[in-house]
Amino acid sequence: MSLIFRILFIIAGAVTALFVTRDALNFTIIQTFVAILLVTAILGIGSLWSLRRKT
């Protein structure tokens with residue numbers, strides 16, 4: 001489980017670094033928000049994929 005979180009935060013850190021500098025005070029907050037958005041997107045794509053496969 002921790003491996004999944006690490007990979008997720010690595011991806012979120014890379015995406016966040018495109019928009020915010022790493023030494024900004026709120027970088028970790030924005031990184032966590034991006035990680036939550038990534039989880040939501042992955043779950044949404046997974047649920048839509050399962051609906052598509054059933055029809």
# chains A, B, ... in the order shown; residues from 1 in each chain; ligands from 1
call {"tool": "residues_around", "arguments": {"residues": "Gln31 of chain A", "least_positions_apart": "4", "cutoff": "6 Å", "atoms": "only C-alpha atoms", "output": "list in words"}}
result
Ala12, Gly13, Thr16 and Phe27 of chain A
call {"tool": "write_last_selection", "arguments": {"atoms": "all heavy atoms", "output": "JSON list (two decimals), in the first residue's frame"}}
result
[["chain", "number", "residue", "atom", "x", "y", "z"],
["A", 12, "ALA", "N", 2.27, 13.09, -8.50],
["A", 12, "ALA", "CA", 1.65, 14.35, -8.08],
["A", 12, "ALA", "C", 2.71, 15.43, -7.88],
["A", 12, "ALA", "O", 2.48, 16.60, -8.21],
["A", 12, "ALA", "CB", 0.87, 14.14, -6.79],
["A", 13, "GLY", "N", 3.87, 15.07, -7.37],
["A", 13, "GLY", "CA", 4.95, 16.04, -7.20],
["A", 13, "GLY", "C", 5.46, 16.58, -8.52],
["A", 13, "GLY", "O", 5.74, 17.78, -8.65],
["A", 16, "THR", "N", 2.69, 18.90, -9.87],
["A", 16, "THR", "CA", 2.64, 20.13, -9.08],
["A", 16, "THR", "C", 3.85, 21.02, -9.36],
["A", 16, "THR", "O", 3.73, 22.25, -9.41],
["A", 16, "THR", "CB", 2.59, 19.79, -7.59],
["A", 16, "THR", "OG1", 1.51, 18.90, -7.36],
["A", 16, "THR", "CG2", 2.38, 21.02, -6.74],
["A", 27, "PHE", "N", 3.59, 24.01, -1.12],
["A", 27, "PHE", "CA", 3.82, 22.97, -2.13],
["A", 27, "PHE", "C", 3.23, 21.64, -1.70],
["A", 27, "PHE", "O", 2.59, 20.96, -2.51],
["A", 27, "PHE", "CB", 5.32, 22.82, -2.40],
["A", 27, "PHE", "CG", 5.62, 21.78, -3.45],
["A", 27, "PHE", "CD1", 5.49, 22.09, -4.79],
["A", 27, "PHE", "CD2", 6.02, 20.50, -3.10],
["A", 27, "PHE", "CE1", 5.77, 21.15, -5.76],
["A", 27, "PHE", "CE2", 6.29, 19.56, -4.06],
["A", 27, "PHE", "CZ", 6.17, 19.88, -5.40]]
call {"tool": "select_by_dssp", "arguments": {"residues": "chain A", "states": "helix (DSSP H, G or I)", "output": "PyMOL selection string"}}
result
chain A and resi 2-19+27-54
call {"tool": "atom_distance", "arguments": {"atom1": "atom CA of Ala35 of chain A", "atom2": "atom CA of Ala17 of chain A"}}
result
12.7 Å
call {"tool": "atom_distance", "arguments": {"atom1": "atom CA of Leu25 of chain A", "atom2": "atom CA of Ile11 of chain A"}}
result
19.4 Å
call {"tool": "closest_residue", "arguments": {"among": "A:Leu51, A:Val34, A:Val39, A:Leu18", "to": "Ile4 of chain A", "atoms": "only C-alpha atoms"}}
result
A:Val39
call {"tool": "atom_distance", "arguments": {"atom1": "atom CA of Ile45 of chain A", "atom2": "atom CA of Ala14 of chain A"}}
result
20.9 Å
